[in-house]
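J.: Below you will find the structure I want to go over with you.
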Amino acid sequence: MMNSSAVLLYDQIKSTEPFFVLAGPNVIESEEHIFRMAKHIKAITSKLGLPLVFKSSFDKANRTSSQSFRGPGMDQGLKILEKVKLAYDIPIVTDVHEANQCEAVGKVADIIQIPAFLCRQTDLLIAAAKTGKIINIKKGQFCAPSVMVNSAEKVRLAGNPNVMVCERGTMFGYNDLIVDPRNLEWMREANCPIVADITHSLQQPAGKKLEGGGVASGGLRELIPCIARTAVAVGVDGIFMEVHDDPLQAPVDGPTQWPLRHFEELLKELMEIAVSSVEYYCY
């Protein structure tokens with residue numbers, strides 16, 4: 001089960017200072033768009049010396065509305081992600097929703113992501129673990145941080161030690177999320193790298209009414225820097241963020257995707273905060 005490339009990547013991101021970055025558009029909109037985004041995002045992270053894992057989804061299976069855009073599907077989506085991986089020599093992270101997707105996804109992705117809604121699904125965690133790839137488990141919006149200890153252990157017991165856990169906010173009433181910075185410390189009990197999702201954490205689930213009826217998820221994009229600063233000040237190993245060159249026109253999660261034009265500026269600020277925090281605690 002052990003995958004040598006996964007072990008090397010896992011060792012790299014565990015030892016990265018000040019943090020590694022998982023970034024990209026929420027969903028694959030087209031091959032041309034994915035290539036354009038990967039090119040710009042890699043150029044920025046390389047300039048700053050931050051390890052990048054490029055992120056995008058082939059299927060958004062848990063959209064609020066059945067009429068919403070979901071992506072190109074697994075077969076076409078994986079072909080596009082593989083092309084991007086080879087063209088720009090970057091590792092890939094993408095999510096799975098069903099156990100029977102894991103084997104195919106594991107042939108392309110370097111990190112398999114478990115969606116927050118599915119973070120306790122044992123069969124899915126085991127199937128993902130058996131690929132030998134790194135597993136990034138999003139903490140459910142409904143879960144205490146201690147749950148992630150058990151979820152990470154399910155992956156390890158399936159024979160895969162390459163696991164990390166990700167904070168993405170906690171339900172606060174029906175249509176809002178809050179980020180409790182204490183979770184970033186408590187999740188350390190999972191004994192693995194900790195990632196902060198600084199974009200989904202600002203979602204307002206089903207909080208946006210649509211013309212003609214129905215609802216969609218809204219978000220508070222303007223507060224992404226606030227959550228990001230908090231995360232790096234507390235001390236996380238990785239930052240997860242969805243980035244788009246035109247968030248207002250994004251077909252999925254536009255309100256919580258960070259504008260590409262501000263990507264470098266935000267990362268520079270976060271790097272300065274992370275370094276300052278380390279110096280403060282050392283002092």
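As shown in the structure tokens, the chain order sets the letters A, B, ...; within each chain, residues go from 1, and ligands are also counted from 1 in the order they appear.
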Would you list the contacts of region 152-159 of chain A as a PyMOL selection string, taking every protein, DNA or RNA residue within 9 Å and counting only C-alpha atoms, but skipping same-chain residues closer than 3 positions in sequence?

T.: chain A and resi 1-2+122+125-130+132+135+137+147-149+162-165+190-192

J.: Return the single residue from A:Asn100, A:Asn136, A:Ser46, A:Ser151 that is closest to Tyr10 (chain A), with distances computed using only C-alpha atoms.

T.: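 With only C-alpha atoms as the atom set, the closest residue is A:Asn136.
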
J.: If we count only C-alpha atoms and set the cut-off at 8 Å, which residues sit around Met74 (chain A), ignoring sequence neighbours fewer than 2 positions away in its own chain? Please answer as a ChimeraX atom specification.

T.: /A:58-59,72,76-78

J.: Run DSSP on the backbone of this structure and report the residues of region 55-150 of chain A it assigns to strand (DSSP E), as a list in words.

T.: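 Filtering region 55-150 of chain A to strand (DSSP E) leaves Lys55, Ile92, Val93, Thr94, Asp95, Ile111, Ile112, Gln113, Ile114, Ile134, Ile135, Asn136, Ile137 and Lys138 of chain A.
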
J.: Please produce an output containing N, CA and C atoms for each residue in the selection, written as a PDB file, in the first residue's frame.

T.:
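The new file result-v7.pdb reads:
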```pdb
ATOM      1  N   LYS A  55      -5.438  22.400  -6.589  1.00  0.00           N
ATOM      2  CA  LYS A  55      -6.736  21.824  -6.241  1.00  0.00           C
ATOM      3  C   LYS A  55      -7.823  22.207  -7.234  1.00  0.00           C
ATOM      4  N   ILE A  92      -1.393  17.147  -7.313  1.00  0.00           N
ATOM      5  CA  ILE A  92      -2.822  17.446  -7.443  1.00  0.00           C
ATOM      6  C   ILE A  92      -3.571  16.949  -6.205  1.00  0.00           C
ATOM      7  N   VAL A  93      -4.544  17.754  -5.753  1.00  0.00           N
ATOM      8  CA  VAL A  93      -5.502  17.310  -4.739  1.00  0.00           C
ATOM      9  C   VAL A  93      -6.905  17.476  -5.307  1.00  0.00           C
ATOM     10  N   THR A  94      -7.723  16.433  -5.156  1.00  0.00           N
ATOM     11  CA  THR A  94      -9.122  16.513  -5.550  1.00  0.00           C
ATOM     12  C   THR A  94      -9.928  15.617  -4.629  1.00  0.00           C
ATOM     13  N   ASP A  95     -11.239  15.799  -4.617  1.00  0.00           N
ATOM     14  CA  ASP A  95     -12.068  15.103  -3.644  1.00  0.00           C
ATOM     15  C   ASP A  95     -12.831  13.932  -4.247  1.00  0.00           C
ATOM     16  N   ILE A 111      -3.010  13.820  -3.501  1.00  0.00           N
ATOM     17  CA  ILE A 111      -3.759  13.915  -2.243  1.00  0.00           C
ATOM     18  C   ILE A 111      -5.226  13.704  -2.559  1.00  0.00           C
ATOM     19  N   ILE A 112      -5.854  12.777  -1.846  1.00  0.00           N
ATOM     20  CA  ILE A 112      -7.293  12.548  -1.982  1.00  0.00           C
ATOM     21  C   ILE A 112      -7.986  13.234  -0.811  1.00  0.00           C
ATOM     22  N   GLN A 113      -8.940  14.076  -1.135  1.00  0.00           N
ATOM     23  CA  GLN A 113      -9.634  14.841  -0.114  1.00  0.00           C
ATOM     24  C   GLN A 113     -10.993  14.229   0.202  1.00  0.00           C
ATOM     25  N   ILE A 114     -11.259  14.101   1.504  1.00  0.00           N
ATOM     26  CA  ILE A 114     -12.556  13.620   1.981  1.00  0.00           C
ATOM     27  C   ILE A 114     -13.407  14.817   2.367  1.00  0.00           C
ATOM     28  N   ILE A 134      -1.804  10.423  -0.040  1.00  0.00           N
ATOM     29  CA  ILE A 134      -2.067  11.250   1.139  1.00  0.00           C
ATOM     30  C   ILE A 134      -3.570  11.508   1.218  1.00  0.00           C
ATOM     31  N   ILE A 135      -4.118  11.423   2.418  1.00  0.00           N
ATOM     32  CA  ILE A 135      -5.553  11.651   2.611  1.00  0.00           C
ATOM     33  C   ILE A 135      -5.748  12.914   3.441  1.00  0.00           C
ATOM     34  N   ASN A 136      -6.469  13.883   2.875  1.00  0.00           N
ATOM     35  CA  ASN A 136      -6.800  15.119   3.588  1.00  0.00           C
ATOM     36  C   ASN A 136      -8.270  15.055   3.987  1.00  0.00           C
ATOM     37  N   ILE A 137      -8.533  14.997   5.278  1.00  0.00           N
ATOM     38  CA  ILE A 137      -9.905  14.858   5.777  1.00  0.00           C
ATOM     39  C   ILE A 137     -10.409  16.208   6.269  1.00  0.00           C
ATOM     40  N   LYS A 138     -11.450  16.705   5.616  1.00  0.00           N
ATOM     41  CA  LYS A 138     -12.079  17.941   6.081  1.00  0.00           C
ATOM     42  C   LYS A 138     -12.922  17.640   7.329  1.00  0.00           C
TER      43      LYS A 138
END
```

J.: Just want the 12 Å neighbourhood of Asp245 (chain A), counted on only C-alpha atoms, with same-chain residues fewer than 2 positions away dropped. Output as a ChimeraX atom specification.

T.: /A:24-26,33-34,36-41,242-243,247-250,254,257-263
